[in-house]
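Everything on this sheet refers to the single structure shown next.
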Amino acid sequence: MSRKDAIETLYLKKRQPATGEAEKPSERVRSGAIGAMGASLKQMTDGAKLATRLQEQLEKGDVVVEVEPEVIDHSPVADRIPIDIDPAFDELVKSISENGQQVPILVRPSPSTRGRFQIAYGRRRLRAAQILGQPV
């Protein structure tokens with residue numbers, strides 16, 4: 001086996017047989033150090049791809065993540081509906097308790113404190129999560 005064949009086998013690439021060359025078996029069983037190294041390289045590549053994809057999603061803001069209510073501050077922008085007097089709030093708390101939170105809230109990074117967030121919408125759901133002691 002030539003060095004080129006060994007390297008191609010290591011990186012799981014299939015080499016096309018030359019015109020006068022006999023076709024080799026399609027899949028070779030790898031074991032030992034070369035197999036372990038190939039598996040490690042594949043795992044590292046897959047991990048790097050996943051990390052890149054997650055980073056892109058976080059930069060776009062397309063990701064739903066759980067956040068503890070304690071790190072979420074109120075917005076300086078007043079809510080259009082006062083949440084102090086809300087006859088349907090108890091029903092919301094009961095629904096979240098029984099079925100979980102169905103609709104996420106929207107937060108933005110706090111302009112003043114690193115690691116904290118500021119609520120954009122979902123104040124009632126945030127308050128319900130605080131009462132229930134669960135993340136939003």
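Numbering starts fresh at 1 for the residues of each chain in the structure tokens, the chains themselves are lettered A, B, ... in the order given, and ligands are numbered from 1 as they appear.
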Within 10 Å of Gly133 of chain A using only C-alpha atoms, minus same-chain residues under 4 positions, as a ChimeraX atom specification: /A:68-70,127-129
Listing only residues of segment 34-74 of chain A within 12 Å of segment 104-109 of chain A, what is the closest atom pair and its distance in Å (to one decimal) for each, using only C-alpha atoms, sorted by chain and residue number ascending, as a Markdown table?
| residue | atom | partner | partner_atom | distance |
| --- | --- | --- | --- | --- |
| A:Leu58 | CA | A:Arg108 | CA | 11.8 |
| A:Gly61 | CA | A:Arg108 | CA | 9.4 |
| A:Asp62 | CA | A:Leu106 | CA | 10.8 |
| A:Val63 | CA | A:Pro104 | CA | 10.4 |
| A:Val64 | CA | A:Pro104 | CA | 7.3 |
| A:Val65 | CA | A:Pro104 | CA | 8.9 |
| A:Glu66 | CA | A:Pro104 | CA | 9.1 |
| A:Val67 | CA | A:Val107 | CA | 9.4 |
| A:Glu68 | CA | A:Val107 | CA | 11.6 |
| A:Pro69 | CA | A:Val107 | CA | 10.8 |
| A:Val71 | CA | A:Pro109 | CA | 10.2 |
| A:Ile72 | CA | A:Val107 | CA | 7.8 |
| A:Asp73 | CA | A:Val107 | CA | 9.2 |
| A:His74 | CA | A:Val107 | CA | 9.8 |
Output file for the selection above: N, CA, C and O atoms, as a PDB file, in the first residue's frame:
ATOM      1  N   LEU A  58     -26.190  32.275  17.416  1.00  0.00           N
ATOM      2  CA  LEU A  58     -26.158  33.241  18.507  1.00  0.00           C
ATOM      3  C   LEU A  58     -25.955  34.661  17.992  1.00  0.00           C
ATOM      4  O   LEU A  58     -26.558  35.604  18.497  1.00  0.00           O
ATOM      5  N   GLY A  61     -29.182  35.768  16.597  1.00  0.00           N
ATOM      6  CA  GLY A  61     -30.251  35.847  17.583  1.00  0.00           C
ATOM      7  C   GLY A  61     -31.383  34.889  17.298  1.00  0.00           C
ATOM      8  O   GLY A  61     -32.495  35.106  17.738  1.00  0.00           O
ATOM      9  N   ASP A  62     -31.120  33.810  16.561  1.00  0.00           N
ATOM     10  CA  ASP A  62     -32.156  32.852  16.179  1.00  0.00           C
ATOM     11  C   ASP A  62     -32.310  31.712  17.181  1.00  0.00           C
ATOM     12  O   ASP A  62     -32.943  30.723  16.865  1.00  0.00           O
ATOM     13  N   VAL A  63     -31.746  31.814  18.334  1.00  0.00           N
ATOM     14  CA  VAL A  63     -31.667  30.679  19.225  1.00  0.00           C
ATOM     15  C   VAL A  63     -32.563  30.869  20.444  1.00  0.00           C
ATOM     16  O   VAL A  63     -32.647  31.962  20.992  1.00  0.00           O
ATOM     17  N   VAL A  64     -33.223  29.803  20.836  1.00  0.00           N
ATOM     18  CA  VAL A  64     -34.003  29.820  22.063  1.00  0.00           C
ATOM     19  C   VAL A  64     -33.165  29.116  23.128  1.00  0.00           C
ATOM     20  O   VAL A  64     -32.771  27.967  22.951  1.00  0.00           O
ATOM     21  N   VAL A  65     -32.875  29.811  24.200  1.00  0.00           N
ATOM     22  CA  VAL A  65     -32.104  29.244  25.307  1.00  0.00           C
ATOM     23  C   VAL A  65     -32.849  29.512  26.602  1.00  0.00           C
ATOM     24  O   VAL A  65     -33.642  30.446  26.692  1.00  0.00           O
ATOM     25  N   GLU A  66     -32.586  28.691  27.597  1.00  0.00           N
ATOM     26  CA  GLU A  66     -33.187  28.909  28.912  1.00  0.00           C
ATOM     27  C   GLU A  66     -32.352  29.912  29.684  1.00  0.00           C
ATOM     28  O   GLU A  66     -31.129  29.844  29.683  1.00  0.00           O
ATOM     29  N   VAL A  67     -33.047  30.849  30.322  1.00  0.00           N
ATOM     30  CA  VAL A  67     -32.382  31.879  31.117  1.00  0.00           C
ATOM     31  C   VAL A  67     -33.077  31.936  32.464  1.00  0.00           C
ATOM     32  O   VAL A  67     -34.305  31.869  32.552  1.00  0.00           O
ATOM     33  N   GLU A  68     -32.292  32.051  33.520  1.00  0.00           N
ATOM     34  CA  GLU A  68     -32.855  32.194  34.863  1.00  0.00           C
ATOM     35  C   GLU A  68     -33.457  33.588  35.008  1.00  0.00           C
ATOM     36  O   GLU A  68     -32.845  34.576  34.602  1.00  0.00           O
ATOM     37  N   PRO A  69     -34.648  33.696  35.576  1.00  0.00           N
ATOM     38  CA  PRO A  69     -35.298  35.004  35.720  1.00  0.00           C
ATOM     39  C   PRO A  69     -34.492  36.010  36.538  1.00  0.00           C
ATOM     40  O   PRO A  69     -34.646  37.210  36.362  1.00  0.00           O
ATOM     41  N   VAL A  71     -31.495  36.900  36.265  1.00  0.00           N
ATOM     42  CA  VAL A  71     -30.533  37.683  35.484  1.00  0.00           C
ATOM     43  C   VAL A  71     -31.229  38.569  34.450  1.00  0.00           C
ATOM     44  O   VAL A  71     -30.580  39.132  33.573  1.00  0.00           O
ATOM     45  N   ILE A  72     -32.552  38.695  34.560  1.00  0.00           N
ATOM     46  CA  ILE A  72     -33.317  39.508  33.614  1.00  0.00           C
ATOM     47  C   ILE A  72     -33.846  40.746  34.333  1.00  0.00           C
ATOM     48  O   ILE A  72     -34.547  40.642  35.341  1.00  0.00           O
ATOM     49  N   ASP A  73     -33.490  41.907  33.796  1.00  0.00           N
ATOM     50  CA  ASP A  73     -33.942  43.179  34.356  1.00  0.00           C
ATOM     51  C   ASP A  73     -35.140  43.689  33.562  1.00  0.00           C
ATOM     52  O   ASP A  73     -35.353  43.309  32.414  1.00  0.00           O
ATOM     53  N   HIS A  74     -35.901  44.592  34.194  1.00  0.00           N
ATOM     54  CA  HIS A  74     -37.025  45.216  33.499  1.00  0.00           C
ATOM     55  C   HIS A  74     -36.503  46.231  32.499  1.00  0.00           C
ATOM     56  O   HIS A  74     -35.439  46.805  32.663  1.00  0.00           O
TER      57      HIS A  74
END
Per residue of segment 46-102 of chain A within 12 Å of segment 123-126 of chain A, note the shortest atom pair and the distance in Å to one decimal, counting only C-alpha atoms, and order the rows by chain and increasing residue number, as JSON lines.
{"residue": "A:Glu66", "atom": "CA", "partner": "A:Leu126", "partner_atom": "CA", "distance": 11.7}
{"residue": "A:Val67", "atom": "CA", "partner": "A:Leu126", "partner_atom": "CA", "distance": 10.1}
{"residue": "A:Glu68", "atom": "CA", "partner": "A:Leu126", "partner_atom": "CA", "distance": 9.5}
{"residue": "A:Pro69", "atom": "CA", "partner": "A:Leu126", "partner_atom": "CA", "distance": 6.7}
{"residue": "A:Glu70", "atom": "CA", "partner": "A:Leu126", "partner_atom": "CA", "distance": 10.0}
{"residue": "A:Val71", "atom": "CA", "partner": "A:Leu126", "partner_atom": "CA", "distance": 11.1}
{"residue": "A:Ile72", "atom": "CA", "partner": "A:Leu126", "partner_atom": "CA", "distance": 8.7}
{"residue": "A:Asp73", "atom": "CA", "partner": "A:Leu126", "partner_atom": "CA", "distance": 10.2}
{"residue": "A:His74", "atom": "CA", "partner": "A:Arg123", "partner_atom": "CA", "distance": 8.3}
{"residue": "A:Ser75", "atom": "CA", "partner": "A:Arg123", "partner_atom": "CA", "distance": 9.5}
{"residue": "A:Val77", "atom": "CA", "partner": "A:Arg123", "partner_atom": "CA", "distance": 11.8}
{"residue": "A:Ala78", "atom": "CA", "partner": "A:Arg123", "partner_atom": "CA", "distance": 10.9}
{"residue": "A:Asp79", "atom": "CA", "partner": "A:Arg123", "partner_atom": "CA", "distance": 8.4}
{"residue": "A:Arg80", "atom": "CA", "partner": "A:Arg123", "partner_atom": "CA", "distance": 11.0}
{"residue": "A:Ile81", "atom": "CA", "partner": "A:Arg123", "partner_atom": "CA", "distance": 10.0}
{"residue": "A:Pro82", "atom": "CA", "partner": "A:Arg124", "partner_atom": "CA", "distance": 9.9}
{"residue": "A:Ile83", "atom": "CA", "partner": "A:Arg124", "partner_atom": "CA", "distance": 6.9}
{"residue": "A:Asp84", "atom": "CA", "partner": "A:Arg124", "partner_atom": "CA", "distance": 9.8}
{"residue": "A:Ile85", "atom": "CA", "partner": "A:Arg124", "partner_atom": "CA", "distance": 11.2}
{"residue": "A:Asp86", "atom": "CA", "partner": "A:Arg124", "partner_atom": "CA", "distance": 9.2}
{"residue": "A:Pro87", "atom": "CA", "partner": "A:Arg124", "partner_atom": "CA", "distance": 11.8}
{"residue": "A:Ala88", "atom": "CA", "partner": "A:Arg124", "partner_atom": "CA", "distance": 10.1}
{"residue": "A:Phe89", "atom": "CA", "partner": "A:Arg124", "partner_atom": "CA", "distance": 7.4}
{"residue": "A:Asp90", "atom": "CA", "partner": "A:Arg124", "partner_atom": "CA", "distance": 10.4}
{"residue": "A:Glu91", "atom": "CA", "partner": "A:Arg124", "partner_atom": "CA", "distance": 11.3}
{"residue": "A:Leu92", "atom": "CA", "partner": "A:Arg125", "partner_atom": "CA", "distance": 7.7}
{"residue": "A:Val93", "atom": "CA", "partner": "A:Arg125", "partner_atom": "CA", "distance": 8.0}
{"residue": "A:Lys94", "atom": "CA", "partner": "A:Arg125", "partner_atom": "CA", "distance": 11.3}
{"residue": "A:Ser95", "atom": "CA", "partner": "A:Arg125", "partner_atom": "CA", "distance": 10.5}
{"residue": "A:Ile96", "atom": "CA", "partner": "A:Arg125", "partner_atom": "CA", "distance": 8.3}
{"residue": "A:Ser97", "atom": "CA", "partner": "A:Arg125", "partner_atom": "CA", "distance": 11.2}
{"residue": "A:Gly100", "atom": "CA", "partner": "A:Arg125", "partner_atom": "CA", "distance": 10.6}
{"residue": "A:Gln101", "atom": "CA", "partner": "A:Arg125", "partner_atom": "CA", "distance": 7.8}
{"residue": "A:Gln102", "atom": "CA", "partner": "A:Arg125", "partner_atom": "CA", "distance": 9.8}
Deliver the residues from the most recent selection as a file, using N, CA and C atoms, as a compact mmCIF listing (two decimals), in the first residue's frame.
# COMPACT_ATOMS: atom_id res chain seq x y z
N GLU A 66 -32.59 28.69 27.60
CA GLU A 66 -33.19 28.91 28.91
C GLU A 66 -32.35 29.91 29.68
N VAL A 67 -33.05 30.85 30.32
CA VAL A 67 -32.38 31.88 31.12
C VAL A 67 -33.08 31.94 32.46
N GLU A 68 -32.29 32.05 33.52
CA GLU A 68 -32.86 32.19 34.86
C GLU A 68 -33.46 33.59 35.01
N PRO A 69 -34.65 33.70 35.58
CA PRO A 69 -35.30 35.00 35.72
C PRO A 69 -34.49 36.01 36.54
N GLU A 70 -33.61 35.52 37.41
CA GLU A 70 -32.83 36.42 38.27
C GLU A 70 -31.86 37.29 37.48
N VAL A 71 -31.49 36.90 36.26
CA VAL A 71 -30.53 37.68 35.48
C VAL A 71 -31.23 38.57 34.45
N ILE A 72 -32.55 38.70 34.56
CA ILE A 72 -33.32 39.51 33.61
C ILE A 72 -33.85 40.75 34.33
N ASP A 73 -33.49 41.91 33.80
CA ASP A 73 -33.94 43.18 34.36
C ASP A 73 -35.14 43.69 33.56
N HIS A 74 -35.90 44.59 34.19
CA HIS A 74 -37.03 45.22 33.50
C HIS A 74 -36.50 46.23 32.50
N SER A 75 -37.28 46.45 31.48
CA SER A 75 -36.93 47.42 30.45
C SER A 75 -37.34 48.82 30.88
N VAL A 77 -38.53 50.88 28.91
CA VAL A 77 -39.69 51.18 28.09
C VAL A 77 -40.93 50.63 28.80
N ALA A 78 -41.93 51.48 28.99
CA ALA A 78 -43.14 51.06 29.71
C ALA A 78 -43.95 50.08 28.87
N ASP A 79 -44.52 49.10 29.54
CA ASP A 79 -45.38 48.13 28.88
C ASP A 79 -46.71 48.78 28.56
N ARG A 80 -47.31 48.39 27.44
CA ARG A 80 -48.59 49.00 27.04
C ARG A 80 -49.75 48.52 27.90
N ILE A 81 -49.60 47.35 28.51
CA ILE A 81 -50.65 46.80 29.37
C ILE A 81 -50.08 46.68 30.78
N PRO A 82 -50.70 47.31 31.75
CA PRO A 82 -50.19 47.17 33.12
C PRO A 82 -50.36 45.72 33.61
N ILE A 83 -49.28 45.16 34.14
CA ILE A 83 -49.35 43.75 34.57
C ILE A 83 -49.75 43.62 36.03
N ASP A 84 -49.88 44.74 36.72
CA ASP A 84 -50.28 44.68 38.13
C ASP A 84 -51.73 44.20 38.27
N ILE A 85 -52.59 44.63 37.37
CA ILE A 85 -54.00 44.24 37.40
C ILE A 85 -54.27 43.40 36.16
N ASP A 86 -54.21 42.08 36.33
CA ASP A 86 -54.37 41.17 35.19
C ASP A 86 -55.23 39.99 35.63
N PRO A 87 -56.52 39.99 35.26
CA PRO A 87 -57.40 38.91 35.70
C PRO A 87 -57.03 37.54 35.14
N ALA A 88 -56.33 37.50 34.00
CA ALA A 88 -55.99 36.21 33.38
C ALA A 88 -54.62 35.70 33.81
N PHE A 89 -53.94 36.43 34.69
CA PHE A 89 -52.59 36.04 35.07
C PHE A 89 -52.55 34.69 35.80
N ASP A 90 -53.50 34.46 36.69
CA ASP A 90 -53.52 33.18 37.42
C ASP A 90 -53.69 32.00 36.46
N GLU A 91 -54.48 32.19 35.41
CA GLU A 91 -54.65 31.15 34.40
C GLU A 91 -53.34 30.89 33.66
N LEU A 92 -52.58 31.96 33.39
CA LEU A 92 -51.29 31.81 32.73
C LEU A 92 -50.32 31.02 33.59
N VAL A 93 -50.26 31.34 34.86
CA VAL A 93 -49.39 30.62 35.79
C VAL A 93 -49.77 29.15 35.83
N LYS A 94 -51.06 28.86 35.90
CA LYS A 94 -51.53 27.47 35.93
C LYS A 94 -51.17 26.75 34.64
N SER A 95 -51.35 27.40 33.50
CA SER A 95 -51.04 26.80 32.21
C SER A 95 -49.54 26.48 32.08
N ILE A 96 -48.69 27.42 32.48
CA ILE A 96 -47.24 27.19 32.41
C ILE A 96 -46.84 26.09 33.38
N SER A 97 -47.49 26.04 34.53
CA SER A 97 -47.19 25.00 35.51
C SER A 97 -47.54 23.62 34.98
N GLY A 100 -45.91 23.73 30.71
CA GLY A 100 -44.62 24.34 30.38
C GLY A 100 -44.83 25.62 29.59
N GLN A 101 -43.77 26.35 29.40
CA GLN A 101 -43.84 27.60 28.65
C GLN A 101 -43.85 27.27 27.17
N GLN A 102 -44.88 27.69 26.46
CA GLN A 102 -45.04 27.36 25.05
C GLN A 102 -44.42 28.41 24.13
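For segment 79-128 of chain A, backbone-based DSSP assignment of alpha helix (DSSP H) covers Phe89, Asp90, Glu91, Leu92, Val93, Lys94, Ser95, Ile96, Ser97, Glu98, Asn99, Arg123, Arg124, Arg125, Leu126, Arg127 and Ala128 of chain A.
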Take the residues from that selection and put them in a file with all heavy atoms, as a compact mmCIF listing (two decimals), in the first residue's frame.
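Output file again-v9.txt is given in full below:
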# COMPACT_ATOMS: atom_id res chain seq x y z
N PHE A 89 -53.94 36.43 34.69
CA PHE A 89 -52.59 36.04 35.07
C PHE A 89 -52.55 34.69 35.80
O PHE A 89 -51.67 33.88 35.55
CB PHE A 89 -51.93 37.13 35.93
CG PHE A 89 -50.53 36.80 36.31
CD1 PHE A 89 -49.51 36.84 35.38
CD2 PHE A 89 -50.21 36.42 37.61
CE1 PHE A 89 -48.21 36.51 35.71
CE2 PHE A 89 -48.92 36.10 37.96
CZ PHE A 89 -47.91 36.15 37.01
N ASP A 90 -53.50 34.46 36.69
CA ASP A 90 -53.52 33.18 37.42
C ASP A 90 -53.69 32.00 36.46
O ASP A 90 -53.12 30.94 36.67
CB ASP A 90 -54.63 33.19 38.48
CG ASP A 90 -54.33 34.16 39.61
OD1 ASP A 90 -53.13 34.43 39.85
OD2 ASP A 90 -55.29 34.65 40.24
N GLU A 91 -54.48 32.19 35.41
CA GLU A 91 -54.65 31.15 34.40
C GLU A 91 -53.34 30.89 33.66
O GLU A 91 -53.02 29.75 33.34
CB GLU A 91 -55.74 31.54 33.40
CG GLU A 91 -57.12 31.57 34.00
CD GLU A 91 -58.15 32.08 33.00
OE1 GLU A 91 -57.96 31.87 31.78
OE2 GLU A 91 -59.13 32.69 33.45
N LEU A 92 -52.58 31.96 33.39
CA LEU A 92 -51.29 31.81 32.73
C LEU A 92 -50.32 31.02 33.59
O LEU A 92 -49.64 30.11 33.12
CB LEU A 92 -50.70 33.18 32.39
CG LEU A 92 -49.29 33.15 31.77
CD1 LEU A 92 -49.31 32.52 30.38
CD2 LEU A 92 -48.72 34.56 31.70
N VAL A 93 -50.26 31.34 34.86
CA VAL A 93 -49.39 30.62 35.79
C VAL A 93 -49.77 29.15 35.83
O VAL A 93 -48.91 28.26 35.76
CB VAL A 93 -49.43 31.25 37.20
CG1 VAL A 93 -48.66 30.40 38.19
CG2 VAL A 93 -48.89 32.65 37.17
N LYS A 94 -51.06 28.86 35.90
CA LYS A 94 -51.53 27.47 35.93
C LYS A 94 -51.17 26.75 34.64
O LYS A 94 -50.71 25.61 34.67
CB LYS A 94 -53.05 27.45 36.15
CG LYS A 94 -53.62 26.06 36.26
CD LYS A 94 -55.12 26.11 36.48
CE LYS A 94 -55.67 24.68 36.48
NZ LYS A 94 -57.12 24.66 36.54
N SER A 95 -51.35 27.40 33.50
CA SER A 95 -51.04 26.80 32.21
C SER A 95 -49.54 26.48 32.08
O SER A 95 -49.16 25.40 31.64
CB SER A 95 -51.46 27.74 31.08
OG SER A 95 -51.02 27.25 29.84
N ILE A 96 -48.69 27.42 32.48
CA ILE A 96 -47.24 27.19 32.41
C ILE A 96 -46.84 26.09 33.38
O ILE A 96 -45.99 25.26 33.09
CB ILE A 96 -46.47 28.50 32.67
CG1 ILE A 96 -46.68 29.47 31.49
CG2 ILE A 96 -44.99 28.23 32.89
CD1 ILE A 96 -46.05 30.82 31.67
N SER A 97 -47.49 26.04 34.53
CA SER A 97 -47.19 25.00 35.51
C SER A 97 -47.54 23.62 34.98
O SER A 97 -46.78 22.67 35.15
CB SER A 97 -47.98 25.28 36.79
OG SER A 97 -47.85 24.22 37.70
N GLU A 98 -48.66 23.52 34.29
CA GLU A 98 -49.12 22.22 33.80
C GLU A 98 -48.48 21.82 32.46
O GLU A 98 -48.15 20.65 32.25
CB GLU A 98 -50.65 22.22 33.65
CG GLU A 98 -51.38 22.32 34.96
CD GLU A 98 -52.89 22.52 34.79
OE1 GLU A 98 -53.35 22.65 33.64
OE2 GLU A 98 -53.59 22.54 35.82
N ASN A 99 -48.33 22.78 31.55
CA ASN A 99 -47.89 22.46 30.19
C ASN A 99 -46.51 22.97 29.83
O ASN A 99 -46.02 22.72 28.74
CB ASN A 99 -48.89 23.04 29.18
CG ASN A 99 -50.30 22.58 29.44
OD1 ASN A 99 -50.53 21.40 29.68
ND2 ASN A 99 -51.25 23.51 29.44
N ARG A 123 -43.29 39.93 29.51
CA ARG A 123 -43.20 40.28 30.94
C ARG A 123 -44.10 39.40 31.81
O ARG A 123 -43.71 39.02 32.91
CB ARG A 123 -43.59 41.75 31.12
CG ARG A 123 -42.56 42.71 30.59
CD ARG A 123 -43.09 44.15 30.62
NE ARG A 123 -42.09 45.12 30.22
CZ ARG A 123 -41.84 45.45 28.96
NH1 ARG A 123 -42.49 44.88 27.98
NH2 ARG A 123 -40.91 46.34 28.68
N ARG A 124 -45.29 39.06 31.31
CA ARG A 124 -46.19 38.20 32.09
C ARG A 124 -45.59 36.80 32.24
O ARG A 124 -45.64 36.21 33.33
CB ARG A 124 -47.55 38.12 31.41
CG ARG A 124 -48.32 39.43 31.42
CD ARG A 124 -49.62 39.34 30.63
NE ARG A 124 -50.55 38.45 31.29
CZ ARG A 124 -51.18 37.44 30.67
NH1 ARG A 124 -51.01 37.20 29.40
NH2 ARG A 124 -52.02 36.68 31.34
N ARG A 125 -45.03 36.27 31.18
CA ARG A 125 -44.42 34.94 31.25
C ARG A 125 -43.20 34.95 32.17
O ARG A 125 -42.96 34.00 32.91
CB ARG A 125 -44.03 34.45 29.85
CG ARG A 125 -45.24 33.99 29.05
CD ARG A 125 -44.92 33.80 27.61
NE ARG A 125 -45.08 35.12 26.99
CZ ARG A 125 -44.57 35.48 25.84
NH1 ARG A 125 -43.83 34.63 25.16
NH2 ARG A 125 -44.78 36.67 25.35
N LEU A 126 -42.44 36.04 32.14
CA LEU A 126 -41.30 36.18 33.05
C LEU A 126 -41.78 36.19 34.49
O LEU A 126 -41.22 35.48 35.34
CB LEU A 126 -40.52 37.46 32.74
CG LEU A 126 -39.39 37.80 33.70
CD1 LEU A 126 -38.32 36.72 33.69
CD2 LEU A 126 -38.79 39.16 33.35
N ARG A 127 -42.80 36.96 34.78
CA ARG A 127 -43.33 37.02 36.15
C ARG A 127 -43.88 35.66 36.59
O ARG A 127 -43.67 35.23 37.74
CB ARG A 127 -44.40 38.10 36.26
CG ARG A 127 -44.66 38.50 37.71
CD ARG A 127 -45.54 39.68 37.79
NE ARG A 127 -46.92 39.17 37.85
CZ ARG A 127 -48.00 39.90 37.77
NH1 ARG A 127 -47.91 41.19 37.61
NH2 ARG A 127 -49.19 39.36 37.86
N ALA A 128 -44.55 34.95 35.68
CA ALA A 128 -45.07 33.61 36.00
C ALA A 128 -43.91 32.66 36.30
O ALA A 128 -43.99 31.85 37.24
CB ALA A 128 -45.92 33.09 34.84
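Note that atom CA of Ser110 of chain A and atom CA of Pro135 of chain A are 17.8 Å apart.
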